[in-house]
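The next block holds one structure in the form of structure tokens; read it before the comments.
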Amino acid sequence: MLPQVGEVAHVRRHIRVSGVVQGVGFRPFIYRLAIEEHVTGTISNSTAGVTIEIEGPAASVDAFLRRLPLEAPRLAYIDRIEVRDVPREGDEQFRITHSEVLGNVVTQIPADAATCDDCLRELLDVKDRRYRYPFTNCTNCGPRFTITRKIPYDRPQTSMANFPMCAACQAEYDDPMNRRFHAQPDACWDCGPQLWLTNPEGQRIETADAVEETIARLVAGEIVAIKGIGGFHLAVDATNNAAVERLRQRKHRYGKPLAVMVADLASARSFCDCDQSEDLLMSVQRPIVLMQKKEPAEIAASVAPGIPWLGVFLPYAPLHHLLLADGKLRVLVMTSANLSEEPIAIDNDEALSRLGEIADSFLFHDREILQRCDDSVMAVVGGQQQVVRRARGFVPLPIHLPFDSVPLLAVGGHLKNVFCLASGRHAFQSQHLGDLENLAGLEFFREALAHLKRTFEIEPVAIACDLHPGYLSTQWAHEQRLPLIGVQHHHAHIASCMAEHALMEPVIGIALDGTGYGTDGQVWGGEVLIASLRGFKRFGHLRYVPMPGSAAAIREPWRMAFGHLHSALGEEALSPELRSIVGATERESKLLARMIERKVNSPLTSSCGRLFDAAAVLITGRRTVDYEAQAAIELEGLAIDTKDIAPGDAYRIALVEGNGGGAWQLDPAPMWQSLLDDIRFGLAPAVMSMRFHSSVAQAYCALAVAARAATRISQVCLSGGVFHNELLHRLIRGRLLDEGFDVYAQTNVSPGDGGLSYGQAVIAAIQIADNAKKSGLSVTEAVSDEGQTGSLTS
């Protein structure tokens, strides 16, 4: 019935909001908004997100809809708002109703969020009932993903189901005007999780205050295993060099830098140059942020030996704040609680079993961790944020896809493994799983995959994998009874950058990393591709050199130095002088020369990572490494305080045009001659490092210019683990911009192997869609048992 003259038109609208809208204070926000706009109706969680019905004067309803996306809670991410008119029901008030568990999952679990300012004030307020309660939280902060079994995100679906709320907490939980309204981990001293200390045998240590006792033990130099949000940390006083060294010995982590936690931003500033990184440090995700150290520093030299950077993060859980609040500890090493190459420990009994020979004591709690989730690692590279390791605080938030995808699984690579589940316009990358070196790593892969599949109800119709037959992820993919799509490693890197920026036209892709299986069976890693999401052509690459000892050459980079010098100089590489520079004995040199000449266990590689290894051996004298890319990281560190040099000061890497349409090559032989001359002259290693970095940047820019001349493409995508090198990234990007290119780098997806699965998923999705269009079938029907091979174009 139409309103009469003088009446106000009333309407009712059904609204569905999808995205990260559960567990972030969205329902109380909507409730307060409805009260302020004087509308009635209902709101409930559902597997589709949040369902709202509002009724009232049309102007008030319109104002409600206008304010909804603009004033949403800080942890909310609205993907879509769908609105339709429905018949009026005459509600007299606005109500929050029970969740609907119907249909397929469309909504998303929020990520874990750092303690908010309001909760921190309560934690340190002696008059507050949650004073020093180490699990305080509200709708604006606290654990989410790591305590959730499935969605909708309600308390019975989390590990907090084991803790019935006391009357005071229940009253907060039920009050729509309270910031703890439907905060699923809500708890207090009377009803929530508790802390206790044990020795390595699991026997309780009697103490009036477990936190104070933990602080005392850390001050005394103990190693303490501390149960946190997504797993255990191994903690020591970072100013105690003996304690840090003991931790390294027990953990078998001999050279790799250790992350440190400091109390606040002022403390971080005292240890590091934070100018470009403060926003990252203070973000709700609280990642570890890589920053340049200040010297001299109180932090023990053994925390990050041989490099000028520190990985620093701020407290993100109430327990962390308590450990650092009274100033007895200024800075703590907080490193993942595992032995090298193992998944992080999450269960109390598991921690005692696996860490009993590392930790002197254990700080436990009884809130179950349902998902292992390591700390995220970020950096500022070229003035932009860069993901080094995507985990706590980001997972399981989706990454946007530039087009719709069928349900797909992309299994990633071998190192820094991350898988990806894609469906519709969303790609859900797993947390960082680590290197798939053993069965423990593969079991973590299976565990995390089962959880995300169950959570988002995504059942893949096909699997995308790397081409390398030796990868555990590839082997696992081949064992599944699903169509398989093989994706070349470096094509996946470039596709991940393209998709992040929604680039659908071909680009010049510069893919630089350590190892990737090439379509010719060789080890790639220094590539310039003409790439689209549908395929690629290898336009150019670093000249092949032998990799004597194969994988041993990664652990022992002196082998790569010999391989490069032998390729460039022949028998001269066996001379006493060059053997001395490389750090090889006469017997070792002759053995490697025979391996190369007879092509025994000496695969050819075009890897830029291995080029860096070789240069690092000559410039720094490092013969072996304790962790991946150590030599290259130390080489970059040498040049960090050296100002940019003029192009004329760079070493020359020759640009060789491809014959008969073949790939162009970058030949480093002239560079080695000049570098050896500088070594003989006694030039400062820092200057040689800068010259080397500049030569690599100059060479790849020249190759990009040649690619543009051949293709008229002016968009360049940078990807691959070598682009974690801030200096090289800055030099290459600067040169390309000076040449008039449009340059794209990754900010939300790792350029390293952690971003591979996103690129694999994008390539597989578009191939399936193309196949469907060509065959006239639906995209699901078009997934054949034979998979697709368009990405294998060479």
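Residues are referred to by chain and number: the chain letter is A, B, ... according to the order shown in the structure tokens, the number counts from 1 in that chain, and ligands are numbered separately from 1 in the order shown.
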
Residue neighbourhood Leu484 in chain A, 12 Å, only C-alpha atoms, exclusion window fewer than 4 positions, as a tab-separated table (two decimals) with C-alpha atoms, in the first residue's frame:
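Saved as result-v9.tsv:
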```tsv
chain	number	residue	atom	x	y	z
A	408	LEU	CA	41.49	-25.59	-7.07
A	409	LEU	CA	44.42	-26.65	-4.95
A	410	ALA	CA	47.91	-25.39	-5.77
A	411	VAL	CA	50.56	-27.17	-3.70
A	460	PRO	CA	39.28	-29.03	-5.33
A	461	VAL	CA	38.45	-30.36	-8.78
A	462	ALA	CA	42.10	-30.15	-9.92
A	463	ILE	CA	45.59	-29.69	-8.50
A	464	ALA	CA	48.38	-27.43	-9.74
A	465	CYS	CA	51.97	-28.33	-8.90
A	466	ASP	CA	55.58	-27.55	-9.75
A	467	LEU	CA	57.29	-29.47	-12.54
A	474	THR	CA	54.72	-32.58	-6.51
A	475	GLN	CA	54.99	-36.23	-5.53
A	476	TRP	CA	52.02	-35.84	-3.18
A	477	ALA	CA	50.00	-34.14	-5.94
A	478	HIS	CA	50.69	-37.04	-8.31
A	479	GLU	CA	49.33	-39.47	-5.73
A	480	GLN	CA	45.92	-37.75	-5.60
A	760	GLN	CA	50.16	-21.76	-9.78
A	761	ALA	CA	46.48	-21.35	-8.89
A	764	ALA	CA	45.63	-23.35	-13.57
A	765	ALA	CA	42.37	-21.43	-13.21
A	767	GLN	CA	43.79	-22.69	-18.36
A	768	ILE	CA	40.68	-24.49	-17.16
A	783	VAL	CA	38.74	-30.24	-16.19
A	784	SER	CA	40.18	-33.25	-17.94
A	785	ASP	CA	42.01	-36.18	-16.37
A	786	GLU	CA	45.06	-35.27	-18.41
A	787	GLY	CA	45.46	-31.76	-16.99
A	788	GLN	CA	46.73	-28.87	-19.06
A	789	THR	CA	50.19	-28.10	-20.39
```

Give me, as CSV, the closest atom pair and its distance (Å, one decimal) for every residue of range 246-273 of chain A within a cut-off of 8 Å of range 322-333 of chain A, counting only C-alpha atoms, rows sorted by chain and rising number.
```
residue,atom,partner,partner_atom,distance
A:Leu258,CA,A:Val333,CA,6.5
A:Ala259,CA,A:Val333,CA,5.8
A:Val260,CA,A:Val333,CA,4.3
A:Met261,CA,A:Leu332,CA,5.2
A:Val262,CA,A:Val331,CA,4.8
A:Ala263,CA,A:Leu324,CA,5.5
A:Ser267,CA,A:Arg330,CA,7.7
```

How would the residues just picked look written out with C-alpha atoms as a PDB file, in the first residue's frame?
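What landed in result_5.pdb:
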```pdb
ATOM      1  CA  LEU A 258      67.032 -15.029  15.559  1.00  0.00           C
ATOM      2  CA  ALA A 259      64.017 -12.727  15.930  1.00  0.00           C
ATOM      3  CA  VAL A 260      63.758 -10.481  18.968  1.00  0.00           C
ATOM      4  CA  MET A 261      60.732  -9.037  20.763  1.00  0.00           C
ATOM      5  CA  VAL A 262      60.897  -5.626  22.414  1.00  0.00           C
ATOM      6  CA  ALA A 263      58.394  -3.943  24.721  1.00  0.00           C
ATOM      7  CA  SER A 267      62.594   0.202  22.429  1.00  0.00           C
TER       8      SER A 267
END
```

Give me every helix (DSSP H, G or I) residue in range 661-737 of chain A, going by DSSP on the backbone, as a ChimeraX atom specification.
-> /A:661,669-681,685-711,721-724,726-737

In Å, with one decimal, what is the gap from CA of Arg623 in chain A to CA of Arg559 in chain A?
->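 Calculated distance between CA of Arg623 in chain A and CA of Arg559 in chain A is 8.5 Å.
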
Separating CA of Gly526 in chain A from CA of Leu512 in chain A, to the nearest tenth of an Å, is a gap of 4.8 Å

Which value, in Å to one decimal, gives the distance between CA of Arg555 in chain A and CA of Met688 in chain A?
->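 About the pair CA of Arg555 in chain A and CA of Met688 in chain A: they are 23.1 Å apart.
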
Pick from A:Ala297, A:Arg16, A:His182, A:Asn338: nearest to Leu247 in chain A, with only C-alpha atoms counted?
->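 For Leu247 in chain A, the nearest of the given residues is A:Asn338.
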
Taking the backbone alone, and naming residues the way the document does, which bits of range 329-372 of chain A are strand (DSSP E) by DSSP, as an MDAnalysis selection string?
-> chainID A and resid 331:336 361:365

Can I get the selected residues back with N, CA, C and O atoms, as a PDB file, in the first residue's frame?
```pdb
ATOM      1  N   VAL A 331      64.777  -6.976  26.003  1.00  0.00           N
ATOM      2  CA  VAL A 331      64.643  -7.569  24.672  1.00  0.00           C
ATOM      3  C   VAL A 331      64.810  -9.075  24.809  1.00  0.00           C
ATOM      4  O   VAL A 331      65.722  -9.556  25.481  1.00  0.00           O
ATOM      5  N   LEU A 332      63.901  -9.805  24.192  1.00  0.00           N
ATOM      6  CA  LEU A 332      63.891 -11.264  24.259  1.00  0.00           C
ATOM      7  C   LEU A 332      64.092 -11.870  22.883  1.00  0.00           C
ATOM      8  O   LEU A 332      63.455 -11.431  21.907  1.00  0.00           O
ATOM      9  N   VAL A 333      64.966 -12.862  22.771  1.00  0.00           N
ATOM     10  CA  VAL A 333      64.909 -13.731  21.604  1.00  0.00           C
ATOM     11  C   VAL A 333      63.624 -14.537  21.721  1.00  0.00           C
ATOM     12  O   VAL A 333      63.348 -15.143  22.754  1.00  0.00           O
ATOM     13  N   MET A 334      62.812 -14.501  20.673  1.00  0.00           N
ATOM     14  CA  MET A 334      61.568 -15.289  20.630  1.00  0.00           C
ATOM     15  C   MET A 334      61.562 -16.008  19.282  1.00  0.00           C
ATOM     16  O   MET A 334      61.109 -15.476  18.269  1.00  0.00           O
ATOM     17  N   THR A 335      62.084 -17.217  19.283  1.00  0.00           N
ATOM     18  CA  THR A 335      62.226 -17.968  18.035  1.00  0.00           C
ATOM     19  C   THR A 335      61.316 -19.179  18.041  1.00  0.00           C
ATOM     20  O   THR A 335      60.945 -19.688  19.107  1.00  0.00           O
ATOM     21  N   SER A 336      60.945 -19.645  16.862  1.00  0.00           N
ATOM     22  CA  SER A 336      60.030 -20.774  16.733  1.00  0.00           C
ATOM     23  C   SER A 336      60.547 -21.970  17.516  1.00  0.00           C
ATOM     24  O   SER A 336      61.723 -22.328  17.440  1.00  0.00           O
ATOM     25  N   SER A 361      62.924 -24.847  31.074  1.00  0.00           N
ATOM     26  CA  SER A 361      61.600 -24.871  31.709  1.00  0.00           C
ATOM     27  C   SER A 361      60.548 -24.532  30.667  1.00  0.00           C
ATOM     28  O   SER A 361      60.871 -24.035  29.564  1.00  0.00           O
ATOM     29  N   PHE A 362      59.287 -24.795  31.007  1.00  0.00           N
ATOM     30  CA  PHE A 362      58.174 -24.644  30.073  1.00  0.00           C
ATOM     31  C   PHE A 362      57.070 -23.823  30.725  1.00  0.00           C
ATOM     32  O   PHE A 362      56.644 -24.143  31.846  1.00  0.00           O
ATOM     33  N   LEU A 363      56.608 -22.784  30.030  1.00  0.00           N
ATOM     34  CA  LEU A 363      55.459 -22.009  30.480  1.00  0.00           C
ATOM     35  C   LEU A 363      54.255 -22.448  29.652  1.00  0.00           C
ATOM     36  O   LEU A 363      54.135 -22.113  28.469  1.00  0.00           O
ATOM     37  N   PHE A 364      53.380 -23.226  30.280  1.00  0.00           N
ATOM     38  CA  PHE A 364      52.235 -23.827  29.593  1.00  0.00           C
ATOM     39  C   PHE A 364      50.956 -23.044  29.862  1.00  0.00           C
ATOM     40  O   PHE A 364      50.854 -22.290  30.832  1.00  0.00           O
ATOM     41  N   HIS A 365      49.963 -23.259  29.011  1.00  0.00           N
ATOM     42  CA  HIS A 365      48.582 -22.887  29.330  1.00  0.00           C
ATOM     43  C   HIS A 365      47.672 -23.967  28.787  1.00  0.00           C
ATOM     44  O   HIS A 365      48.101 -24.881  28.076  1.00  0.00           O
TER      45      HIS A 365
END
```
